$ cat final_34.cif   # mmCIF, C-alpha atoms and all ligand atoms
data_entry
#
loop_
_atom_site.label_atom_id
_atom_site.label_comp_id
_atom_site.auth_asym_id
_atom_site.auth_seq_id
_atom_site.Cartn_x
_atom_site.Cartn_y
_atom_site.Cartn_z
CA MET A 1219 -11.88 8.14 52.17
CA THR A 1220 -8.23 7.77 52.62
CA LEU A 1221 -5.17 7.71 50.44
CA ARG A 1222 -1.78 6.93 51.84
CA SER A 1223 1.67 6.34 50.51
CA THR A 1224 2.45 2.75 49.65
CA GLY A 1225 5.56 0.75 49.16
CA GLY A 1226 4.09 -1.16 46.23
CA ASN A 1227 4.14 1.48 43.54
CA PRO A 1228 6.79 4.19 43.75
CA ALA A 1229 4.56 6.53 41.76
CA LEU A 1230 1.87 6.27 44.42
CA GLY A 1231 4.31 7.06 47.18
CA ALA A 1232 4.06 10.61 45.89
CA PHE A 1233 0.26 10.67 45.65
CA ASP A 1234 -0.30 14.33 46.27
CA ALA A 1235 -3.30 16.61 45.78
CA THR A 1236 -1.06 19.37 44.51
CA ASP A 1237 0.68 17.13 41.98
CA PRO A 1238 -1.57 15.56 39.31
CA ALA A 1239 1.51 13.78 37.94
CA SER A 1240 1.36 11.55 41.00
CA LEU A 1241 -1.60 9.74 39.42
CA THR A 1242 0.69 8.18 36.84
CA GLY A 1243 0.46 4.42 37.12
CA ALA A 1244 -2.40 4.45 39.64
CA VAL A 1245 -5.09 1.84 38.96
CA ALA A 1246 -8.71 2.99 39.14
CA LEU A 1247 -12.00 1.08 38.93
CA ILE A 1248 -15.05 3.22 38.14
CA THR A 1249 -18.61 1.92 38.43
CA GLY A 1250 -21.14 3.63 36.21
CA GLY A 1251 -18.16 4.36 34.00
CA ALA A 1252 -20.02 4.21 30.68
CA SER A 1253 -21.68 7.61 31.01
CA GLY A 1254 -21.79 11.01 32.68
CA LEU A 1255 -19.65 11.52 35.77
CA GLY A 1256 -18.03 8.08 35.67
CA LEU A 1257 -16.97 8.51 32.07
CA ALA A 1258 -15.69 12.05 32.72
CA THR A 1259 -13.71 10.78 35.72
CA GLY A 1260 -12.31 7.94 33.62
CA ARG A 1261 -11.23 10.42 30.96
CA ALA A 1262 -9.57 12.72 33.51
CA LEU A 1263 -7.74 9.80 35.12
CA VAL A 1264 -6.53 8.41 31.80
CA ASP A 1265 -5.33 11.90 30.86
CA ALA A 1266 -3.44 11.99 34.18
CA GLY A 1267 -1.67 8.72 33.35
CA ALA A 1268 -3.79 6.35 35.45
CA LEU A 1269 -4.78 2.83 34.37
CA VAL A 1270 -8.57 2.73 34.32
CA VAL A 1271 -11.20 0.00 34.31
CA LEU A 1272 -14.71 1.19 33.50
CA ALA A 1273 -17.45 -1.03 34.99
CA ASP A 1274 -21.07 -0.67 33.96
CA LEU A 1275 -24.34 -2.48 33.37
CA ASP A 1276 -24.49 -1.05 29.85
CA VAL A 1277 -22.09 -3.21 27.85
CA GLU A 1278 -22.50 -1.44 24.52
CA ARG A 1279 -21.84 2.04 25.88
CA GLY A 1280 -19.19 0.77 28.26
CA GLU A 1281 -17.19 -0.96 25.55
CA ALA A 1282 -17.46 2.07 23.29
CA ALA A 1283 -16.35 4.37 26.13
CA ALA A 1284 -13.40 2.13 26.99
CA LYS A 1285 -12.35 2.02 23.35
CA ASP A 1286 -12.56 5.80 23.18
CA LEU A 1287 -10.44 6.26 26.32
CA GLY A 1288 -8.05 3.42 25.56
CA CYS A 1289 -8.81 1.61 28.80
CA ALA A 1290 -10.54 -1.60 29.94
CA PHE A 1291 -14.23 -2.36 30.40
CA GLN A 1292 -15.88 -4.84 32.75
CA GLN A 1293 -19.58 -5.66 32.70
CA CYS A 1294 -20.96 -5.16 36.19
CA ASP A 1295 -24.38 -4.88 37.80
CA VAL A 1296 -23.61 -3.21 41.13
CA THR A 1297 -26.81 -4.58 42.69
CA LYS A 1298 -25.17 -8.03 42.62
CA PRO A 1299 -22.33 -8.37 45.16
CA GLU A 1300 -20.62 -11.06 43.08
CA ASN A 1301 -20.45 -8.67 40.12
CA SER A 1302 -18.53 -6.14 42.23
CA VAL A 1303 -16.17 -8.88 43.39
CA ALA A 1304 -15.67 -9.93 39.76
CA ALA A 1305 -14.94 -6.34 38.72
CA VAL A 1306 -12.25 -6.00 41.39
CA GLU A 1307 -10.80 -9.39 40.46
CA ALA A 1308 -10.72 -8.41 36.79
CA THR A 1309 -8.91 -5.18 37.70
CA LEU A 1310 -6.34 -7.04 39.80
CA ALA A 1311 -5.86 -9.67 37.09
CA ARG A 1312 -5.26 -6.96 34.49
CA HIS A 1313 -3.23 -4.41 36.44
CA GLY A 1314 -2.07 -6.20 39.59
CA ARG A 1315 -3.39 -3.67 42.08
CA LEU A 1316 -6.22 -1.26 42.86
CA ASP A 1317 -5.55 2.28 44.08
CA LEU A 1318 -8.85 4.04 43.57
CA ALA A 1319 -12.45 2.79 43.55
CA VAL A 1320 -14.96 5.34 42.26
CA LEU A 1321 -18.34 3.96 43.34
CA ASN A 1322 -20.50 6.02 41.08
CA ALA A 1323 -23.15 3.86 39.37
CA GLY A 1324 -26.57 5.33 40.00
CA ILE A 1325 -30.07 5.81 38.71
CA GLU A 1326 -32.42 8.72 39.08
CA GLY A 1327 -34.71 8.43 42.12
CA GLY A 1328 -37.84 10.50 41.96
CA GLY A 1329 -41.15 9.49 43.45
CA PRO A 1330 -42.90 10.81 46.53
CA ILE A 1331 -42.76 9.59 50.12
CA GLY A 1332 -46.30 9.14 51.44
CA ASP A 1333 -49.09 9.33 48.83
CA GLY A 1334 -47.92 7.67 45.63
CA PHE A 1335 -44.96 5.92 47.27
CA ASP A 1336 -43.69 3.32 44.81
CA LEU A 1337 -42.03 0.48 46.72
CA ALA A 1338 -40.63 -1.23 43.62
CA ARG A 1339 -39.04 2.02 42.44
CA TYR A 1340 -37.68 2.72 45.92
CA ARG A 1341 -36.11 -0.74 46.11
CA ALA A 1342 -34.62 -0.34 42.63
CA VAL A 1343 -33.02 3.03 43.51
CA MET A 1344 -31.71 1.80 46.85
CA GLY A 1345 -30.37 -1.35 45.16
CA VAL A 1346 -28.19 0.64 42.78
CA ASN A 1347 -27.44 3.87 44.67
CA THR A 1348 -26.98 2.47 48.18
CA ASP A 1349 -26.45 -1.31 48.08
CA GLY A 1350 -24.22 -0.86 45.04
CA VAL A 1351 -21.87 1.38 47.00
CA ALA A 1352 -21.76 -1.00 49.97
CA PHE A 1353 -21.13 -4.03 47.72
CA GLY A 1354 -18.48 -2.14 45.76
CA MET A 1355 -16.74 -0.94 48.92
CA SER A 1356 -16.80 -4.42 50.42
CA ALA A 1357 -15.32 -5.93 47.26
CA ALA A 1358 -12.64 -3.26 46.85
CA LEU A 1359 -11.57 -2.88 50.47
CA PRO A 1360 -8.95 -5.67 50.68
CA ALA A 1361 -7.20 -4.43 47.56
CA LEU A 1362 -7.39 -0.80 48.74
CA VAL A 1363 -5.98 -1.72 52.14
CA ALA A 1364 -3.16 -3.55 50.39
CA SER A 1365 -2.33 -0.56 48.20
CA GLY A 1366 -3.10 2.21 50.69
CA GLY A 1367 -5.61 3.47 48.17
CA ALA A 1368 -8.86 5.39 48.31
CA ALA A 1369 -12.56 5.11 47.54
CA VAL A 1370 -14.91 7.90 46.49
CA ALA A 1371 -18.68 7.44 46.18
CA THR A 1372 -20.97 9.87 44.38
CA ALA A 1373 -24.29 10.77 45.97
CA SER A 1374 -26.85 13.47 45.55
CA LEU A 1375 -27.20 16.64 47.54
CA ALA A 1376 -29.28 18.15 44.72
CA GLY A 1377 -26.21 19.58 43.05
CA LEU A 1378 -26.99 19.01 39.39
CA THR A 1379 -24.57 17.96 36.72
CA ASP A 1380 -25.30 18.05 33.01
CA THR A 1381 -25.39 14.29 32.27
CA PRO A 1382 -27.90 11.82 30.74
CA LEU A 1383 -29.24 11.22 34.28
CA ILE A 1384 -31.09 14.54 34.24
CA ALA A 1385 -31.99 14.56 30.52
CA ALA A 1386 -35.73 14.49 31.24
CA PHE A 1387 -35.53 17.63 33.39
CA ARG A 1388 -32.66 19.48 31.71
CA ASP A 1389 -34.75 21.99 29.72
CA ALA A 1390 -36.90 22.83 32.74
CA PHE A 1391 -33.79 23.54 34.83
CA LEU A 1392 -32.25 25.73 32.15
CA GLU A 1393 -35.53 27.63 31.54
CA ARG A 1394 -35.61 28.52 35.23
CA GLY A 1395 -31.96 29.59 35.16
CA PHE A 1396 -30.90 26.79 37.49
CA PRO A 1397 -27.12 26.33 37.14
CA LEU A 1398 -25.76 22.94 36.07
CA LEU A 1399 -22.27 21.61 36.67
CA GLU A 1400 -20.09 20.25 33.87
CA ALA A 1401 -19.28 16.55 34.30
CA SER A 1402 -15.57 17.40 33.94
CA ASP A 1403 -15.80 19.72 36.98
CA VAL A 1404 -17.27 16.90 39.06
CA ALA A 1405 -14.57 14.53 37.77
CA ALA A 1406 -11.92 17.00 38.96
CA ALA A 1407 -13.65 17.17 42.36
CA ILE A 1408 -13.72 13.36 42.61
CA ILE A 1409 -9.99 13.24 41.95
CA SER A 1410 -9.34 16.03 44.47
CA ALA A 1411 -11.34 14.12 47.08
CA ALA A 1412 -9.40 10.93 46.35
CA LEU A 1413 -6.08 12.71 46.68
CA SER A 1414 -7.03 14.66 49.79
CA ARG A 1415 -6.11 11.85 52.20
CA GLY A 1416 -9.19 12.68 54.25
CA THR A 1417 -11.09 9.79 55.81
CA GLY A 1418 -14.88 9.57 55.87
CA GLU A 1419 -15.28 13.01 54.35
CA CYS A 1420 -18.35 14.25 52.51
CA TRP A 1421 -17.41 16.68 49.74
CA VAL A 1422 -19.95 19.18 48.48
CA VAL A 1423 -19.86 19.90 44.74
CA GLN A 1424 -22.18 22.73 43.71
CA PRO A 1425 -22.19 25.26 40.85
CA GLY A 1426 -20.26 28.42 41.68
CA ARG A 1427 -18.56 26.91 44.73
CA GLU A 1428 -15.13 25.38 45.17
CA PRO A 1429 -15.51 21.64 45.95
CA ALA A 1430 -14.67 21.15 49.60
CA PRO A 1431 -15.27 18.77 52.52
CA TYR A 1432 -18.51 19.48 54.36
CA GLY A 1433 -17.97 20.27 58.03
CA PHE A 1434 -20.39 18.10 59.96
CA ARG A 1435 -20.90 19.15 63.56
CA GLY A 1436 -19.45 16.71 66.03
CA VAL A 1437 -22.02 14.14 67.19
CA PRO A 1438 -21.87 13.83 70.99
CA GLY A 1439 -20.97 10.46 72.46
CA ALA A 1440 -22.69 8.83 75.45
CA ARG A 1441 -22.68 10.81 78.73
CA MET A 1442 -20.73 8.79 81.26
CA PRO A 1443 -21.48 8.61 85.01
CA ASP A 1444 -18.59 11.00 85.69
CA GLY A 1445 -20.22 13.58 83.43
CA GLN A 1446 -17.66 13.12 80.65
CA SER A 1447 -18.56 12.23 77.08
CA ALA A 1448 -17.40 8.95 75.59
CA SER A 1449 -17.29 7.68 72.04
CA PHE A 1450 -15.96 4.54 70.43
CA PHE A 1451 -15.02 6.50 67.31
N1 LIG B 1501 -26.15 14.15 37.24
C1 LIG B 1501 -26.47 14.73 38.39
O1 LIG B 1501 -27.05 15.81 38.41
C2 LIG B 1501 -26.13 14.07 39.69
C3 LIG B 1501 -26.30 14.81 40.86
C4 LIG B 1501 -25.97 14.23 42.08
C5 LIG B 1501 -25.52 12.91 42.12
N2 LIG B 1501 -25.40 12.20 40.96
C6 LIG B 1501 -24.95 10.80 41.08
O2 LIG B 1501 -23.78 10.64 40.29
C7 LIG B 1501 -23.74 9.29 39.81
C8 LIG B 1501 -23.51 9.29 38.32
O3 LIG B 1501 -24.60 9.92 37.70
P1 LIG B 1501 -24.53 10.46 36.21
O4 LIG B 1501 -25.14 11.80 36.23
O5 LIG B 1501 -23.17 10.29 35.64
O6 LIG B 1501 -25.58 9.46 35.53
P2 LIG B 1501 -25.55 8.70 34.12
O7 LIG B 1501 -26.94 8.20 33.92
O8 LIG B 1501 -24.94 9.57 33.07
O9 LIG B 1501 -24.56 7.48 34.40
C9 LIG B 1501 -24.89 6.47 35.32
C10 LIG B 1501 -24.25 5.17 34.87
O10 LIG B 1501 -24.57 4.17 35.84
C11 LIG B 1501 -24.84 2.98 35.12
N3 LIG B 1501 -25.66 2.07 35.93
C12 LIG B 1501 -26.96 2.19 36.26
N4 LIG B 1501 -27.36 1.13 36.97
C13 LIG B 1501 -26.27 0.34 37.11
C14 LIG B 1501 -26.05 -0.90 37.76
N5 LIG B 1501 -27.03 -1.57 38.40
N6 LIG B 1501 -24.80 -1.44 37.71
C15 LIG B 1501 -23.79 -0.78 37.07
N7 LIG B 1501 -23.96 0.38 36.43
C16 LIG B 1501 -25.19 0.93 36.46
C17 LIG B 1501 -25.58 3.44 33.88
O11 LIG B 1501 -25.56 2.44 32.86
C18 LIG B 1501 -24.78 4.69 33.51
O12 LIG B 1501 -23.72 4.38 32.65
C19 LIG B 1501 -25.06 8.63 40.23
O13 LIG B 1501 -24.83 7.85 41.38
C20 LIG B 1501 -25.95 9.81 40.54
O14 LIG B 1501 -26.92 9.50 41.51
C21 LIG B 1501 -25.67 12.76 39.75
#
$ encode --input "final_34.cif" --output "structure tokens" --more "lines below"
Ligand SMILES: NC(=O)c1ccc[n+]([C@@H]2O[C@H](COP(=O)([O-])OP(=O)(O)OC[C@H]3O[C@@H](n4cnc5c(N)ncnc54)[C@H](O)[C@@H]3O)[C@@H](O)[C@H]2O)c1
Amino acid sequence: MTLRSTGGNPALGAFDATDPASLTGAVALITGGASGLGLATGRALVDAGALVVLADLDVERGEAAAKDLGCAFQQCDVTKPENSVAAVEATLARHGRLDLAVLNAGIEGGGPIGDGFDLARYRAVMGVNTDGVAFGMSAALPALVASGGAAVATASLAGLTDTPLIAAFRDAFLERGFPLLEASDVAAAIISAALSRGTGECWVVQPGREPAPYGFRGVPGARMPDGQSASFF
């Protein structure tokens, strides 16, 4: 992800991880914004002075959430590319720019690989959790390039947050003493990641640890005839 200064909005010229006030006037679109992490991120951004559009499949909860936060709601099924395009267009029509896309809509996966593999369930999870991020990124990219903005996508590394997504397993986790994150802590981490100006980073958010970029080992490029390594990236 990347976040750079822009000429368009003086407030964003000072976008700075150490200065939450620099979020004032920033425009954010959040998929899966009606519940859990998306809603908590929307609340944190509104509190920081940002202009927020919540996008979600669930119209009833989304409209109620937007009313509660005093922000906008856009119906959006992230499995449909045209819905992501429409959500970005609605954001631009309302606020004139897009500075932050939080690609967060998701459903719980579950199901085994091998015996008991459920293809329909697999396709449904991939459609929301993976395709939805690609469609959202593709739709938001031109506006983010224009603003010098950022995108953050949520994904699972088995760090668990206390949201409706894990309601079916919550008691079992707590009985075993497994720690759960508060949604507000993840929202703060999402905002930190957006403001970090890092590009292509994966941030780990786990109970008891400070959110931080994960240090992937460098992947070697092709070995060239002269023995040197080469990479296009
Ligand atoms: N809660 C956790 O423990 C946890 C852990 C790791 C990753 N995540 C990821 O964080 C993200 C948010 O999860 P959460 O815990 O807030 O879940 P949640 O169930 O509270 O919220 C998910 C939201 O996504 C919306 N949604 C589902 N399908 C959609 C679609 N096709 N189009 C648009 N919106 C859709 C739902 O209506 C809901 O409002 C998900 O991508 C999830 O995989 C969650």
$ residues_around --input "final_34.cif" --residues "A:Thr1249" --least-positions-apart "6" --cutoff "6 Å" --atoms "only C-alpha atoms" --output "PDB file with C-alpha atoms, in the coordinates of the input"
ATOM      1  CA  ALA A1273     -17.450  -1.030  34.990  1.00  0.00           C
ATOM      2  CA  ASP A1274     -21.070  -0.670  33.960  1.00  0.00           C
ATOM      3  CA  LEU A1321     -18.340   3.960  43.340  1.00  0.00           C
ATOM      4  CA  ASN A1322     -20.500   6.020  41.080  1.00  0.00           C
ATOM      5  CA  ALA A1323     -23.150   3.860  39.370  1.00  0.00           C
TER       6      ALA A1323
END
$ axis_aligned_box --input "final_34.cif" --around "ligand LIG 1501 (chain B)" --padding-each-side "3 Å" --output "AutoDock Vina command-line options"
--center_x -25.3 --center_y 7.1 --center_z 37.4 --size_x 10.2 --size_y 23.4 --size_z 15.5
$ residues_around --input "final_34.cif" --residues "A:Glu1326" --least-positions-apart "4" --cutoff "9 Å" --atoms "all atoms listed in the file" --output "ChimeraX atom specification"
/A:1343,1347,1383-1384
$ write_last_selection --input "final_34.cif" --atoms "C-alpha atoms" --output "CSV table (one decimal), in the coordinates of the input"
chain,number,residue,atom,x,y,z
A,1343,VAL,CA,-33.0,3.0,43.5
A,1347,ASN,CA,-27.4,3.9,44.7
A,1383,LEU,CA,-29.2,11.2,34.3
A,1384,ILE,CA,-31.1,14.5,34.2
$ closest_residue --input "final_34.cif" --among "A:Ala1342, A:Met1442, A:Ala1405, A:Ala1308" --to "A:Leu1263" --atoms "only C-alpha atoms"
A:Ala1405
$ atom_distance --input "final_34.cif" --atom1 "atom CA of A:Val1271" --atom2 "atom CA of A:Val1245"
7.9 Å
$ residues_near_point --input "final_34.cif" --point "(-4.8, 12.8, 29.4)" --cutoff "12 Å" --atoms "only C-alpha atoms" --output "short mmCIF file (atom, residue, chain, number, x, y, z; two decimals) with C-alpha atoms, in the coordinates of the input"
data_model
loop_
_atom_site.label_atom_id
_atom_site.label_comp_id
_atom_site.auth_asym_id
_atom_site.auth_seq_id
_atom_site.Cartn_x
_atom_site.Cartn_y
_atom_site.Cartn_z
CA PRO A 1238 -1.57 15.56 39.31
CA ALA A 1239 1.51 13.78 37.94
CA LEU A 1241 -1.60 9.74 39.42
CA THR A 1242 0.69 8.18 36.84
CA ALA A 1258 -15.69 12.05 32.72
CA THR A 1259 -13.71 10.78 35.72
CA GLY A 1260 -12.31 7.94 33.62
CA ARG A 1261 -11.23 10.42 30.96
CA ALA A 1262 -9.57 12.72 33.51
CA LEU A 1263 -7.74 9.80 35.12
CA VAL A 1264 -6.53 8.41 31.80
CA ASP A 1265 -5.33 11.90 30.86
CA ALA A 1266 -3.44 11.99 34.18
CA GLY A 1267 -1.67 8.72 33.35
CA ALA A 1268 -3.79 6.35 35.45
CA LEU A 1269 -4.78 2.83 34.37
CA VAL A 1270 -8.57 2.73 34.32
CA LEU A 1287 -10.44 6.26 26.32
CA GLY A 1288 -8.05 3.42 25.56
CA CYS A 1289 -8.81 1.61 28.80
#
$ atom_distance --input "final_34.cif" --atom1 "atom CA of A:Glu1428" --atom2 "atom CA of A:Leu1318"
22.3 Å
$ residues_around --input "final_34.cif" --residues "A:Leu1362" --least-positions-apart "3" --cutoff "10 Å" --atoms "all atoms listed in the file" --output "PyMOL selection string"
chain A and resi 1220-1221+1315-1319+1355+1357-1359+1365-1369
$ closest_atom_pairs --input "final_34.cif" --of "chain A" --to "ligand LIG 1501 (chain B)" --cutoff "6 Å" --atoms "only C-alpha atoms and all ligand atoms" --output "tab-separated table"
residue	atom	partner	partner_atom	distance
A:Thr1249	CA	B:LIG1501	N7	5.9
A:Gly1250	CA	B:LIG1501	O10	3.5
A:Gly1251	CA	B:LIG1501	O12	5.7
A:Ala1252	CA	B:LIG1501	O12	4.2
A:Ser1253	CA	B:LIG1501	O12	4.2
A:Gly1254	CA	B:LIG1501	O5	3.3
A:Leu1255	CA	B:LIG1501	O5	3.7
A:Gly1256	CA	B:LIG1501	O5	5.6
A:Asp1274	CA	B:LIG1501	N7	3.9
A:Leu1275	CA	B:LIG1501	C15	4.1
A:Asp1276	CA	B:LIG1501	O11	4.7
A:Cys1294	CA	B:LIG1501	C15	5.3
A:Asp1295	CA	B:LIG1501	N6	3.5
A:Val1296	CA	B:LIG1501	N6	4.0
A:Thr1297	CA	B:LIG1501	N5	5.2
A:Asn1322	CA	B:LIG1501	O13	4.7
A:Ala1323	CA	B:LIG1501	O10	3.8
A:Gly1324	CA	B:LIG1501	O13	3.4
A:Ile1325	CA	B:LIG1501	C12	5.4
A:Val1346	CA	B:LIG1501	N5	5.0
A:Asn1347	CA	B:LIG1501	O13	5.8
A:Thr1372	CA	B:LIG1501	O2	5.0
A:Ala1373	CA	B:LIG1501	C5	4.6
A:Ser1374	CA	B:LIG1501	C4	3.7
A:Ala1376	CA	B:LIG1501	C4	5.8
A:Gly1377	CA	B:LIG1501	C3	5.2
A:Leu1378	CA	B:LIG1501	O1	3.3
A:Thr1379	CA	B:LIG1501	O1	3.7
A:Asp1380	CA	B:LIG1501	N1	5.8
A:Thr1381	CA	B:LIG1501	O4	4.7
A:Pro1382	CA	B:LIG1501	O8	4.4
A:Leu1383	CA	B:LIG1501	O7	3.8
A:Ile1384	CA	B:LIG1501	N1	5.8
$ write_last_selection --input "final_34.cif" --atoms "C-alpha atoms" --output "tab-separated table (two decimals), keeping the file's coordinate frame"
chain	number	residue	atom	x	y	z
A	1249	THR	CA	-18.61	1.92	38.43
A	1250	GLY	CA	-21.14	3.63	36.21
A	1251	GLY	CA	-18.16	4.36	34.00
A	1252	ALA	CA	-20.02	4.21	30.68
A	1253	SER	CA	-21.68	7.61	31.01
A	1254	GLY	CA	-21.79	11.01	32.68
A	1255	LEU	CA	-19.65	11.52	35.77
A	1256	GLY	CA	-18.03	8.08	35.67
A	1274	ASP	CA	-21.07	-0.67	33.96
A	1275	LEU	CA	-24.34	-2.48	33.37
A	1276	ASP	CA	-24.49	-1.05	29.85
A	1294	CYS	CA	-20.96	-5.16	36.19
A	1295	ASP	CA	-24.38	-4.88	37.80
A	1296	VAL	CA	-23.61	-3.21	41.13
A	1297	THR	CA	-26.81	-4.58	42.69
A	1322	ASN	CA	-20.50	6.02	41.08
A	1323	ALA	CA	-23.15	3.86	39.37
A	1324	GLY	CA	-26.57	5.33	40.00
A	1325	ILE	CA	-30.07	5.81	38.71
A	1346	VAL	CA	-28.19	0.64	42.78
A	1347	ASN	CA	-27.44	3.87	44.67
A	1372	THR	CA	-20.97	9.87	44.38
A	1373	ALA	CA	-24.29	10.77	45.97
A	1374	SER	CA	-26.85	13.47	45.55
A	1376	ALA	CA	-29.28	18.15	44.72
A	1377	GLY	CA	-26.21	19.58	43.05
A	1378	LEU	CA	-26.99	19.01	39.39
A	1379	THR	CA	-24.57	17.96	36.72
A	1380	ASP	CA	-25.30	18.05	33.01
A	1381	THR	CA	-25.39	14.29	32.27
A	1382	PRO	CA	-27.90	11.82	30.74
A	1383	LEU	CA	-29.24	11.22	34.28
A	1384	ILE	CA	-31.09	14.54	34.24
$ atom_distance --input "final_34.cif" --atom1 "atom CA of A:Ala1411" --atom2 "atom CA of A:Ala1430"
8.2 Å
$ closest_residue --input "final_34.cif" --among "A:Gly1327, A:Pro1431, A:Gly1426, A:Gly1436" --to "A:Ile1408" --atoms "only C-alpha atoms"
A:Pro1431
$ closest_residue --input "final_34.cif" --among "A:Val1306, A:Ala1390, A:Val1404, A:Val1370" --to "A:Gln1424" --atoms "only C-alpha atoms"
A:Val1404
$ closest_residue --input "final_34.cif" --among "A:Ala1311, A:Val1320, A:Ala1352, A:Leu1257" --to "A:Pro1299" --atoms "all atoms listed in the file"
A:Ala1352
$ build_atoms --input "final_34.cif" --residues "stretch 1291-1308 of chain A" --atoms "N, CA and C atoms" --output "tab-separated table (two decimals), keeping the file's coordinate frame"
chain	number	residue	atom	x	y	z
A	1291	PHE	N	-12.83	-2.37	29.98
A	1291	PHE	CA	-14.23	-2.36	30.40
A	1291	PHE	C	-14.57	-3.70	31.04
A	1292	GLN	N	-15.40	-3.64	32.09
A	1292	GLN	CA	-15.88	-4.84	32.75
A	1292	GLN	C	-17.38	-4.72	32.95
A	1293	GLN	N	-18.13	-5.69	32.45
A	1293	GLN	CA	-19.58	-5.66	32.70
A	1293	GLN	C	-19.83	-5.87	34.18
A	1294	CYS	N	-20.73	-5.08	34.75
A	1294	CYS	CA	-20.96	-5.16	36.19
A	1294	CYS	C	-22.32	-4.59	36.54
A	1295	ASP	N	-23.13	-5.39	37.22
A	1295	ASP	CA	-24.38	-4.88	37.80
A	1295	ASP	C	-24.11	-4.71	39.29
A	1296	VAL	N	-24.03	-3.47	39.75
A	1296	VAL	CA	-23.61	-3.21	41.13
A	1296	VAL	C	-24.62	-3.68	42.16
A	1297	THR	N	-25.83	-4.05	41.73
A	1297	THR	CA	-26.81	-4.58	42.69
A	1297	THR	C	-26.50	-6.03	43.06
A	1298	LYS	N	-25.55	-6.63	42.35
A	1298	LYS	CA	-25.17	-8.03	42.62
A	1298	LYS	C	-23.77	-8.05	43.23
A	1299	PRO	N	-23.64	-8.43	44.50
A	1299	PRO	CA	-22.33	-8.37	45.16
A	1299	PRO	C	-21.26	-9.12	44.37
A	1300	GLU	N	-21.63	-10.27	43.79
A	1300	GLU	CA	-20.62	-11.06	43.08
A	1300	GLU	C	-20.11	-10.34	41.84
A	1301	ASN	N	-20.93	-9.44	41.27
A	1301	ASN	CA	-20.45	-8.67	40.12
A	1301	ASN	C	-19.38	-7.67	40.55
A	1302	SER	N	-19.55	-7.07	41.74
A	1302	SER	CA	-18.53	-6.14	42.23
A	1302	SER	C	-17.24	-6.88	42.54
A	1303	VAL	N	-17.37	-8.06	43.13
A	1303	VAL	CA	-16.17	-8.88	43.39
A	1303	VAL	C	-15.48	-9.21	42.08
A	1304	ALA	N	-16.25	-9.58	41.07
A	1304	ALA	CA	-15.67	-9.93	39.76
A	1304	ALA	C	-14.99	-8.73	39.12
A	1305	ALA	N	-15.55	-7.55	39.31
A	1305	ALA	CA	-14.94	-6.34	38.72
A	1305	ALA	C	-13.59	-6.04	39.38
A	1306	VAL	N	-13.53	-6.21	40.70
A	1306	VAL	CA	-12.25	-6.00	41.39
A	1306	VAL	C	-11.25	-7.07	40.96
A	1307	GLU	N	-11.71	-8.32	40.88
A	1307	GLU	CA	-10.80	-9.39	40.46
A	1307	GLU	C	-10.27	-9.14	39.05
A	1308	ALA	N	-11.15	-8.69	38.16
A	1308	ALA	CA	-10.72	-8.41	36.79
A	1308	ALA	C	-9.68	-7.29	36.76
